[in-house]
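Chemist: Sharing start_24.txt (compact mmCIF, C-alpha atoms and all ligand atoms) below.
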# COMPACT_ATOMS: atom_id res chain seq x y z
CA MET A 1 -87.45 -60.54 73.40
CA GLN A 2 -84.17 -60.96 71.55
CA PRO A 3 -81.30 -62.29 73.64
CA THR A 4 -78.52 -59.71 73.68
CA THR A 5 -75.45 -61.61 74.81
CA GLN A 6 -73.67 -64.66 73.43
CA THR A 7 -74.42 -66.40 76.74
CA ALA A 8 -78.16 -65.82 76.28
CA ILE A 9 -78.14 -66.95 72.65
CA PHE A 10 -76.17 -70.08 73.55
CA ARG A 11 -78.53 -70.98 76.43
CA GLN A 12 -81.56 -70.44 74.22
CA GLU A 13 -80.12 -72.70 71.53
CA ILE A 14 -79.17 -75.49 73.97
CA ASP A 15 -82.58 -75.27 75.69
CA ALA A 16 -84.33 -75.66 72.37
CA LEU A 17 -82.67 -79.02 71.64
CA PRO A 18 -84.85 -82.13 72.08
CA ALA A 19 -84.30 -83.77 75.46
CA ASP A 20 -83.14 -87.08 73.92
CA ASP A 21 -80.55 -85.47 71.67
CA GLY A 22 -77.64 -86.45 73.95
CA HIS A 23 -75.81 -83.29 72.99
CA GLU A 24 -72.28 -82.72 74.09
CA ILE A 25 -70.50 -79.50 75.08
CA ILE A 26 -66.74 -79.48 74.68
CA ASP A 27 -65.46 -76.58 76.72
CA ASN A 28 -62.15 -75.03 75.67
CA PHE A 29 -62.92 -71.69 77.23
CA ASP A 30 -60.46 -71.82 80.15
CA ALA A 31 -57.49 -73.04 78.14
CA ASP A 32 -58.05 -70.46 75.40
CA ALA A 33 -58.67 -67.64 77.86
CA SER A 34 -55.45 -68.23 79.77
CA LEU A 35 -53.51 -68.08 76.51
CA ASP A 36 -55.15 -64.79 75.60
CA THR A 37 -54.79 -62.87 78.86
CA ASN A 38 -51.70 -60.98 77.77
CA ILE A 39 -53.19 -59.90 74.47
CA LEU A 40 -56.30 -58.65 76.26
CA ILE A 41 -54.26 -56.53 78.67
CA SER A 42 -52.18 -55.25 75.75
CA MET A 43 -55.23 -54.32 73.69
CA TYR A 44 -56.63 -52.40 76.61
CA CYS A 45 -53.33 -50.48 76.88
CA ALA A 46 -53.25 -49.80 73.12
CA TYR A 47 -56.84 -48.51 73.30
CA LYS A 48 -56.03 -45.96 75.99
CA SER A 49 -54.32 -42.97 74.43
CA ASN A 50 -52.87 -41.81 77.75
CA TYR A 51 -51.07 -44.20 80.07
CA LYS A 52 -52.50 -42.33 83.07
CA GLU A 53 -55.94 -43.70 82.13
CA ILE A 54 -54.72 -47.30 82.38
CA SER A 55 -55.75 -49.12 85.54
CA ALA A 56 -56.47 -52.69 86.56
CA ASP A 57 -59.88 -51.58 87.88
CA GLY A 58 -60.63 -49.96 84.53
CA LEU A 59 -59.82 -53.16 82.65
CA ILE A 60 -61.82 -55.31 85.09
CA SER A 61 -64.90 -53.13 84.72
CA VAL A 62 -64.67 -53.32 80.91
CA ILE A 63 -64.42 -57.12 81.10
CA LYS A 64 -67.39 -57.34 83.51
CA LYS A 65 -69.50 -55.23 81.20
CA HIS A 66 -68.86 -57.58 78.29
CA LYS A 67 -68.51 -60.94 80.01
CA GLY A 68 -71.67 -62.29 78.37
CA ASN A 69 -69.94 -62.08 74.98
CA LEU A 70 -66.57 -63.60 75.68
CA PHE A 71 -67.14 -66.88 73.92
CA THR A 72 -68.24 -68.28 70.64
CA TRP A 73 -68.96 -71.84 69.71
CA SER A 74 -68.88 -74.10 66.74
CA LYS A 75 -71.36 -76.90 66.35
CA SER A 76 -71.60 -80.12 64.44
CA VAL A 77 -74.57 -82.40 63.96
CA LYS A 78 -74.14 -86.14 63.66
CA GLU A 79 -76.65 -88.93 63.14
CA VAL A 80 -76.35 -91.47 66.00
CA ASP A 81 -78.82 -94.40 66.09
CA GLY A 82 -81.26 -92.49 63.93
CA LYS A 83 -81.13 -89.46 66.24
CA GLN A 84 -79.43 -86.13 65.66
CA LYS A 85 -76.65 -85.52 68.13
CA HIS A 86 -75.40 -81.94 68.50
CA THR A 87 -71.83 -81.26 69.61
CA TYR A 88 -70.93 -77.74 70.69
CA THR A 89 -67.31 -76.68 71.07
CA VAL A 90 -66.99 -73.60 73.24
CA LEU A 91 -64.13 -71.23 72.45
CA PHE A 92 -62.88 -68.07 74.10
CA ALA A 93 -63.60 -65.11 71.83
CA GLY A 94 -62.25 -62.40 74.09
CA SER A 95 -59.40 -61.05 72.01
CA ASP A 96 -61.37 -60.85 68.75
CA TYR A 97 -64.42 -59.49 70.48
CA PHE A 98 -62.50 -56.79 72.36
CA ALA A 99 -60.37 -55.85 69.35
CA THR A 100 -63.31 -55.31 67.00
CA LYS A 101 -66.35 -54.51 69.18
CA VAL A 102 -65.02 -52.87 72.33
CA PHE A 103 -61.64 -51.30 71.65
CA LYS A 104 -62.23 -50.94 67.88
CA LEU A 105 -58.50 -51.16 67.24
CA ASP A 106 -57.30 -50.24 63.77
CA GLU A 107 -54.59 -52.30 62.13
CA GLU A 108 -51.75 -50.20 63.56
CA LYS A 109 -53.04 -50.41 67.12
CA GLY A 110 -53.82 -54.11 66.72
CA THR A 111 -50.21 -54.74 65.72
CA LEU A 112 -49.01 -52.57 68.59
CA ALA A 113 -51.10 -54.64 70.99
CA ARG A 114 -49.72 -57.92 69.67
CA ASN A 115 -46.17 -56.56 70.05
CA TYR A 116 -46.94 -55.42 73.59
CA ALA A 117 -48.26 -58.87 74.39
CA GLU A 118 -45.17 -60.61 73.01
CA ASN A 119 -42.91 -58.27 74.95
CA LEU A 120 -44.91 -58.75 78.12
CA ILE A 121 -44.54 -62.51 77.72
CA ILE A 122 -40.81 -62.14 77.13
CA PHE A 123 -40.48 -59.87 80.15
CA LEU A 124 -42.29 -62.33 82.41
CA ASN A 125 -40.26 -65.20 81.03
CA GLU A 126 -36.94 -63.40 81.52
CA ARG A 127 -37.92 -62.57 85.07
CA ASP A 128 -38.75 -66.23 85.70
CA ASN A 129 -35.48 -67.33 84.08
CA GLU A 130 -33.42 -64.93 86.13
CA THR A 131 -34.86 -66.15 89.39
CA VAL A 132 -33.97 -69.68 88.35
CA SER A 133 -30.53 -69.33 86.80
CA GLY A 134 -29.31 -66.01 88.19
CA ASN A 135 -28.12 -64.82 84.79
CA SER A 136 -29.48 -64.36 81.36
CA THR A 137 -27.86 -64.44 77.94
CA HIS A 138 -30.48 -61.98 76.74
CA GLN A 139 -29.65 -59.54 79.50
CA SER A 140 -25.92 -59.75 78.81
CA ILE A 141 -26.44 -59.16 75.07
CA THR A 142 -28.56 -56.13 75.94
CA ASP A 143 -25.83 -54.89 78.29
CA MET A 144 -23.11 -55.33 75.66
CA LEU A 145 -25.05 -53.15 73.21
CA ARG A 146 -25.97 -50.47 75.72
CA GLU A 147 -23.75 -47.81 74.08
CA GLU A 148 -24.96 -48.54 70.57
CA SER A 149 -27.39 -46.28 68.72
CA SER A 150 -30.83 -47.82 68.47
CA VAL A 151 -31.50 -46.84 64.89
CA HIS A 152 -32.22 -50.18 63.33
CA ILE A 153 -32.28 -50.21 59.56
CA THR A 154 -34.26 -53.12 58.22
CA GLY A 155 -32.95 -54.71 55.11
CA ASP A 156 -33.24 -57.98 53.37
CA TYR A 157 -31.90 -60.99 55.16
CA ALA A 158 -30.31 -64.28 54.21
CA ALA A 159 -31.92 -67.66 54.92
CA VAL A 160 -29.79 -69.00 57.77
CA ILE A 161 -30.38 -72.56 56.56
CA THR A 162 -31.15 -73.50 52.96
CA ASN A 163 -34.92 -74.18 52.61
CA TRP A 164 -35.38 -73.44 56.35
CA LYS A 165 -39.20 -73.25 56.07
CA ARG A 166 -39.44 -76.98 55.42
CA PHE A 167 -37.54 -77.88 58.58
CA VAL A 168 -39.03 -75.73 61.36
CA THR A 169 -39.66 -78.07 64.30
CA SER A 170 -40.57 -75.53 66.96
CA GLU A 171 -41.95 -72.02 66.66
CA PHE A 172 -41.16 -68.85 68.56
CA GLY A 173 -43.46 -67.94 71.40
CA TYR A 174 -45.38 -68.81 74.42
CA ARG A 175 -46.87 -72.23 74.82
CA ILE A 176 -49.07 -73.83 77.37
CA HIS A 177 -48.56 -77.54 77.39
CA PRO A 178 -51.95 -79.03 76.46
CA ILE A 179 -51.76 -81.71 79.16
CA THR A 180 -49.52 -80.47 81.98
CA LYS A 181 -50.61 -76.82 81.48
CA ASN A 182 -47.04 -75.72 82.18
CA ARG A 183 -46.09 -72.33 80.75
CA LYS A 184 -43.04 -72.37 78.57
CA PHE A 185 -41.53 -69.73 76.37
CA HIS A 186 -39.48 -70.58 73.31
CA ALA A 187 -37.15 -67.67 72.58
CA GLY A 188 -36.38 -68.59 68.98
CA ILE A 189 -37.25 -71.04 66.26
CA ASP A 190 -35.79 -74.50 65.82
CA ILE A 191 -34.77 -75.74 62.40
CA GLY A 192 -34.12 -79.47 62.42
CA VAL A 193 -31.43 -80.37 59.87
CA PRO A 194 -28.49 -82.83 59.90
CA ILE A 195 -25.23 -82.27 61.78
CA GLY A 196 -22.78 -80.35 59.61
CA THR A 197 -25.41 -78.37 57.65
CA PRO A 198 -23.95 -74.89 57.00
CA ILE A 199 -25.41 -71.96 58.95
CA TYR A 200 -25.36 -68.62 57.12
CA ALA A 201 -25.17 -65.18 58.76
CA MET A 202 -28.61 -63.59 58.47
CA ALA A 203 -27.15 -60.13 57.75
CA ASP A 204 -23.88 -58.19 57.68
CA GLY A 205 -22.39 -57.58 61.10
CA THR A 206 -19.70 -58.21 63.66
CA VAL A 207 -19.43 -61.35 65.76
CA LEU A 208 -20.30 -60.20 69.28
CA TYR A 209 -18.96 -63.40 70.84
CA VAL A 210 -18.62 -67.13 70.36
CA LYS A 211 -18.99 -69.53 73.25
CA LYS A 212 -18.35 -73.27 73.60
CA SER A 213 -20.83 -74.06 76.32
CA THR A 214 -21.56 -77.63 77.39
CA THR A 215 -25.04 -76.78 78.71
CA GLY A 216 -27.92 -74.58 77.53
CA TYR A 217 -27.14 -73.13 74.10
CA GLY A 218 -24.11 -75.39 73.61
CA TYR A 219 -21.64 -74.09 71.03
CA HIS A 220 -23.18 -70.79 70.02
CA LEU A 221 -22.42 -67.39 68.58
CA VAL A 222 -24.04 -63.99 68.53
CA ILE A 223 -23.72 -61.54 65.62
CA SER A 224 -24.40 -57.84 66.11
CA HIS A 225 -25.97 -56.21 63.05
CA GLY A 226 -26.03 -52.62 64.28
CA GLY A 227 -29.00 -50.69 65.62
CA LYS A 228 -29.14 -53.04 68.64
CA MET A 229 -30.10 -55.97 66.44
CA THR A 230 -28.51 -59.36 67.08
CA THR A 231 -28.90 -62.93 65.90
CA LEU A 232 -27.95 -65.96 68.01
CA TYR A 233 -27.18 -69.39 66.58
CA ALA A 234 -27.19 -72.25 69.09
CA HIS A 235 -26.38 -75.98 69.46
CA CYS A 236 -23.70 -75.84 66.72
CA SER A 237 -21.18 -78.63 66.07
CA GLU A 238 -18.54 -76.19 64.80
CA LEU A 239 -18.03 -72.45 65.17
CA LEU A 240 -16.25 -71.05 62.12
CA VAL A 241 -15.78 -67.41 63.18
CA SER A 242 -14.33 -65.68 66.22
CA GLY A 243 -15.34 -62.76 68.40
CA GLY A 244 -14.88 -59.33 66.80
CA GLN A 245 -14.77 -60.72 63.27
CA ALA A 246 -16.71 -58.88 60.55
CA VAL A 247 -19.13 -61.09 58.62
CA LYS A 248 -21.19 -60.59 55.49
CA LYS A 249 -24.77 -61.66 54.92
CA GLY A 250 -24.72 -65.27 53.73
CA ASP A 251 -21.26 -66.12 55.09
CA VAL A 252 -21.02 -69.59 56.62
CA VAL A 253 -20.47 -68.87 60.33
CA ALA A 254 -21.07 -72.28 61.92
CA LYS A 255 -22.34 -75.81 61.35
CA VAL A 256 -25.45 -77.40 62.77
CA GLY A 257 -24.97 -79.72 65.75
CA SER A 258 -26.65 -80.93 68.89
CA THR A 259 -24.44 -79.45 71.61
CA GLY A 260 -25.81 -78.19 74.93
CA LEU A 261 -29.40 -78.82 75.96
CA SER A 262 -30.62 -80.42 72.77
CA THR A 263 -32.43 -83.61 71.92
CA GLY A 264 -31.31 -83.83 68.31
CA PRO A 265 -29.45 -81.92 65.59
CA HIS A 266 -31.02 -78.52 64.99
CA LEU A 267 -30.30 -74.82 64.78
CA HIS A 268 -31.97 -72.73 67.46
CA LEU A 269 -32.09 -69.21 66.04
CA GLU A 270 -32.92 -66.10 68.03
CA VAL A 271 -33.36 -62.51 66.89
CA MET A 272 -33.23 -59.59 69.31
CA VAL A 273 -33.86 -55.93 68.54
CA GLY A 274 -33.38 -53.27 71.21
CA GLY A 275 -33.30 -55.86 74.00
CA MET A 276 -36.52 -57.55 72.88
CA LEU A 277 -36.72 -61.02 71.42
CA GLN A 278 -38.43 -61.10 68.05
CA ASN A 279 -40.03 -63.84 66.04
CA PRO A 280 -37.26 -64.83 63.58
CA ARG A 281 -39.94 -65.56 60.95
CA ARG A 282 -40.44 -61.82 60.60
CA TYR A 283 -36.92 -61.51 59.22
CA LEU A 284 -36.16 -64.72 57.41
CA PRO A 285 -36.79 -64.68 53.67
ZN ZN B 301 -35.02 -73.83 70.33
Starting from the file, give its structure as structure tokens.
Ligand SMILES: [Zn+2]

Modeler:
Amino acid sequence: MQPTTQTAIFRQEIDALPADDGHEIIDNFDADASLDTNILISMYCAYKSNYKEISADGLISVIKKHKGNLFTWSKSVKEVDGKQKHTYTVLFAGSDYFATKVFKLDEEKGTLARNYAENLIIFLNERDNETVSGNSTHQSITDMLREESSVHITGDYAAVITNWKRFVTSEFGYRIHPITKNRKFHAGIDIGVPIGTPIYAMADGTVLYVKKSTTGYGYHLVISHGGKMTTLYAHCSELLVSGGQAVKKGDVVAKVGSTGLSTGPHLHLEVMVGGMLQNPRRYLP
């Protein structure tokens, strides 16, 4: 009889190996699965057309039904002392498997799910931050723009740092430290360039505020671009604009520094639209 689940196929393959093979199974399942939990929940929500159908029990029963297929593996064969040694690396396959086989999400719904997941992560992170610090820059930016219309017109944007792609030292998003397993969310991207490097406004707008902070973001400014879109430039050495000032795309608004909580000269750039942090890579040319 043909095995029907990935689990069964895997077991059959391992069982068929010669006893003296000394095969090794490297198991990344847990680490991968914990990274993918949010996307799985989000895909389930995107799959349901009516929010009233969404329930934790519903999701759990779907997962139980498919749990035999939630991993894949890659294998390599190496000759050791004249014997073939098989190494299997086990990987969580949940998000791919659910997206294509269970939820059958089209491209639009797949994108929706990824956006849900990012926003869920941001929401959880903001909640954690607020319980720690009692206030949040992101919340105050959102509050300041409360009266603004939310029609955001996308346009073309300026590179905030010349050749920025070459100097990205830290990406936007959620990370689990590979060793300590601590969860950490990075709200923007870091571009590591020397002190004094000019920082250009990403788009036309009005300076929402400038702040010379000695902790956290250090010297930083926020530009409002209309439609509840803002950009934040942190750890500057110099701020060259003031609150309320109109700026044009490509204007030099500040210079790179290492002020606030920073281990070396870099620009930390954040993009928010409608109260949600966005990956700045989506906007930068
Ligand atoms: Zn940063």

Chemist: Which one of A:Gly188, A:Gly22, A:Gly250, A:Gly244 sits closest to ligand ZN 301 (chain B) if you count only C-alpha atoms and all ligand atoms?

Modeler: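 Checking each candidate against ligand ZN 301 (chain B), we get A:Gly188 as the closest.
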
Chemist: Measure the distance from CA of Gln12 in chain A to CA of Gly94 in chain A in Å and round it to one decimal.

Modeler: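 Distance reported for this atom pair: 20.9 Å.
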
Chemist: Give me, as a Markdown table, each residue of chain A that comes within 12 Å of ligand ZN 301 (chain B), together with its shortest interatomic pair and the distance in Å at one decimal, counting all atoms listed in the file, with rows ordered by chain and rising residue number.

Modeler:
| residue | atom | partner | partner_atom | distance |
| --- | --- | --- | --- | --- |
| A:Val168 | CA | B:ZN301 | ZN | 10.0 |
| A:Thr169 | CA | B:ZN301 | ZN | 8.7 |
| A:Ser170 | CA | B:ZN301 | ZN | 6.7 |
| A:Glu171 | CA | B:ZN301 | ZN | 8.0 |
| A:Phe172 | CA | B:ZN301 | ZN | 8.1 |
| A:Gly173 | CA | B:ZN301 | ZN | 10.3 |
| A:Lys184 | CA | B:ZN301 | ZN | 11.6 |
| A:Phe185 | CA | B:ZN301 | ZN | 9.8 |
| A:His186 | CA | B:ZN301 | ZN | 6.3 |
| A:Ala187 | CA | B:ZN301 | ZN | 6.9 |
| A:Gly188 | CA | B:ZN301 | ZN | 5.6 |
| A:Ile189 | CA | B:ZN301 | ZN | 5.4 |
| A:Asp190 | CA | B:ZN301 | ZN | 4.6 |
| A:Ile191 | CA | B:ZN301 | ZN | 8.2 |
| A:Gly192 | CA | B:ZN301 | ZN | 9.8 |
| A:Gly216 | CA | B:ZN301 | ZN | 10.1 |
| A:Tyr217 | CA | B:ZN301 | ZN | 8.8 |
| A:Gly218 | CA | B:ZN301 | ZN | 11.5 |
| A:Leu232 | CA | B:ZN301 | ZN | 10.8 |
| A:Tyr233 | CA | B:ZN301 | ZN | 9.8 |
| A:Ala234 | CA | B:ZN301 | ZN | 8.1 |
| A:His235 | CA | B:ZN301 | ZN | 8.9 |
| A:Ser258 | CA | B:ZN301 | ZN | 11.1 |
| A:Gly260 | CA | B:ZN301 | ZN | 11.2 |
| A:Leu261 | CA | B:ZN301 | ZN | 9.4 |
| A:Ser262 | CA | B:ZN301 | ZN | 8.3 |
| A:Thr263 | CA | B:ZN301 | ZN | 10.2 |
| A:Gly264 | CA | B:ZN301 | ZN | 10.9 |
| A:Pro265 | CA | B:ZN301 | ZN | 10.9 |
| A:His266 | CA | B:ZN301 | ZN | 8.2 |
| A:Leu267 | CA | B:ZN301 | ZN | 7.4 |
| A:His268 | CA | B:ZN301 | ZN | 4.3 |
| A:Leu269 | CA | B:ZN301 | ZN | 7.0 |
| A:Glu270 | CA | B:ZN301 | ZN | 8.3 |
| A:Val271 | CA | B:ZN301 | ZN | 11.9 |
| A:Asn279 | CA | B:ZN301 | ZN | 12.0 |
| A:Pro280 | CA | B:ZN301 | ZN | 11.5 |

Chemist: Identify, on the basis of all atoms listed in the file, every residue whose closest approach to Trp73 in chain A does not exceed 10 Å; exclude the query and any residue fewer than 3 positions from it along the same chain; express the result as a list in words.

Modeler: Gln6, Phe10, Ile25, Ile26, Asp27, Asn28, Phe29, Thr87, Tyr88, Thr89, Val90, Leu91, Phe92 and Ala93 of chain A

Chemist: Any idea what's packed within 8 Å of His152 in chain A, counting all atoms listed in the file, ignoring anything in its chain fewer than 2 positions away? Could you give it as JSON, numbers by chain?

Modeler: {"A": [150, 154, 226, 227, 228, 229, 273]}

Chemist: Taking all atoms listed in the file into account, which of A:Leu70, A:Val252, A:Val222, A:Val241 comes nearest Ala201 in chain A?

Modeler: A:Val252

Chemist: Please list as a PyMOL selection string every residue within 12 Å of Gly68 in chain A, counting all atoms listed in the file and excluding residues in the same chain fewer than 4 positions away.

Modeler: chain A and resi 3-11+62-64+72+92-94+97

Chemist: Could you tell me how far CA of Ile41 in chain A sits from CA of Lys104 in chain A, in Å to one decimal place?

Modeler: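 Going from CA of Lys104 in chain A over to CA of Ile41 in chain A covers 14.5 Å.
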
Chemist: Mind giving me the straight-line distance from CA of Glu53 in chain A to CA of Phe103 in chain A in Å, one decimal?

Modeler: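 CA of Phe103 in chain A lies at a distance of 14.1 Å from CA of Glu53 in chain A.
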
Chemist: Would you please take range 162-175 of chain A of the structure in the block above and write N, CA and C atoms to a file as a PDB file, in the first residue's frame?

Modeler:
ATOM      1  N   THR A 162      22.210  57.254  -0.941  1.00  0.00           N
ATOM      2  CA  THR A 162      22.739  56.861  -2.240  1.00  0.00           C
ATOM      3  C   THR A 162      23.232  55.405  -2.183  1.00  0.00           C
ATOM      4  N   ASN A 163      22.839  54.600  -3.162  1.00  0.00           N
ATOM      5  CA  ASN A 163      23.235  53.175  -3.217  1.00  0.00           C
ATOM      6  C   ASN A 163      22.867  52.392  -1.950  1.00  0.00           C
ATOM      7  N   TRP A 164      21.704  52.703  -1.366  1.00  0.00           N
ATOM      8  CA  TRP A 164      21.298  52.108  -0.077  1.00  0.00           C
ATOM      9  C   TRP A 164      21.347  50.587  -0.067  1.00  0.00           C
ATOM     10  N   LYS A 165      21.031  49.950  -1.220  1.00  0.00           N
ATOM     11  CA  LYS A 165      20.942  48.477  -1.262  1.00  0.00           C
ATOM     12  C   LYS A 165      22.228  47.787  -0.840  1.00  0.00           C
ATOM     13  N   ARG A 166      23.354  48.459  -1.108  1.00  0.00           N
ATOM     14  CA  ARG A 166      24.654  47.855  -0.799  1.00  0.00           C
ATOM     15  C   ARG A 166      24.952  47.876   0.691  1.00  0.00           C
ATOM     16  N   PHE A 167      24.212  48.710   1.441  1.00  0.00           N
ATOM     17  CA  PHE A 167      24.622  48.960   2.828  1.00  0.00           C
ATOM     18  C   PHE A 167      23.601  48.508   3.872  1.00  0.00           C
ATOM     19  N   VAL A 168      22.599  47.722   3.457  1.00  0.00           N
ATOM     20  CA  VAL A 168      21.589  47.273   4.426  1.00  0.00           C
ATOM     21  C   VAL A 168      22.244  46.298   5.410  1.00  0.00           C
ATOM     22  N   THR A 169      22.182  46.634   6.698  1.00  0.00           N
ATOM     23  CA  THR A 169      22.805  45.772   7.707  1.00  0.00           C
ATOM     24  C   THR A 169      21.768  45.006   8.518  1.00  0.00           C
ATOM     25  N   SER A 170      20.518  45.451   8.469  1.00  0.00           N
ATOM     26  CA  SER A 170      19.483  44.724   9.201  1.00  0.00           C
ATOM     27  C   SER A 170      18.143  44.948   8.506  1.00  0.00           C
ATOM     28  N   GLU A 171      17.428  43.849   8.293  1.00  0.00           N
ATOM     29  CA  GLU A 171      16.171  43.918   7.548  1.00  0.00           C
ATOM     30  C   GLU A 171      14.986  44.170   8.475  1.00  0.00           C
ATOM     31  N   PHE A 172      13.890  44.570   7.851  1.00  0.00           N
ATOM     32  CA  PHE A 172      12.620  44.756   8.543  1.00  0.00           C
ATOM     33  C   PHE A 172      12.052  43.389   8.906  1.00  0.00           C
ATOM     34  N   GLY A 173      11.464  43.298  10.079  1.00  0.00           N
ATOM     35  CA  GLY A 173      10.685  42.101  10.375  1.00  0.00           C
ATOM     36  C   GLY A 173      11.007  41.435  11.688  1.00  0.00           C
ATOM     37  N   TYR A 174      10.443  40.277  11.776  1.00  0.00           N
ATOM     38  CA  TYR A 174      10.396  39.524  12.998  1.00  0.00           C
ATOM     39  C   TYR A 174      11.522  38.511  12.968  1.00  0.00           C
ATOM     40  N   ARG A 175      12.276  38.467  14.030  1.00  0.00           N
ATOM     41  CA  ARG A 175      13.398  37.532  14.057  1.00  0.00           C
ATOM     42  C   ARG A 175      13.319  36.696  15.323  1.00  0.00           C
TER      43      ARG A 175
END
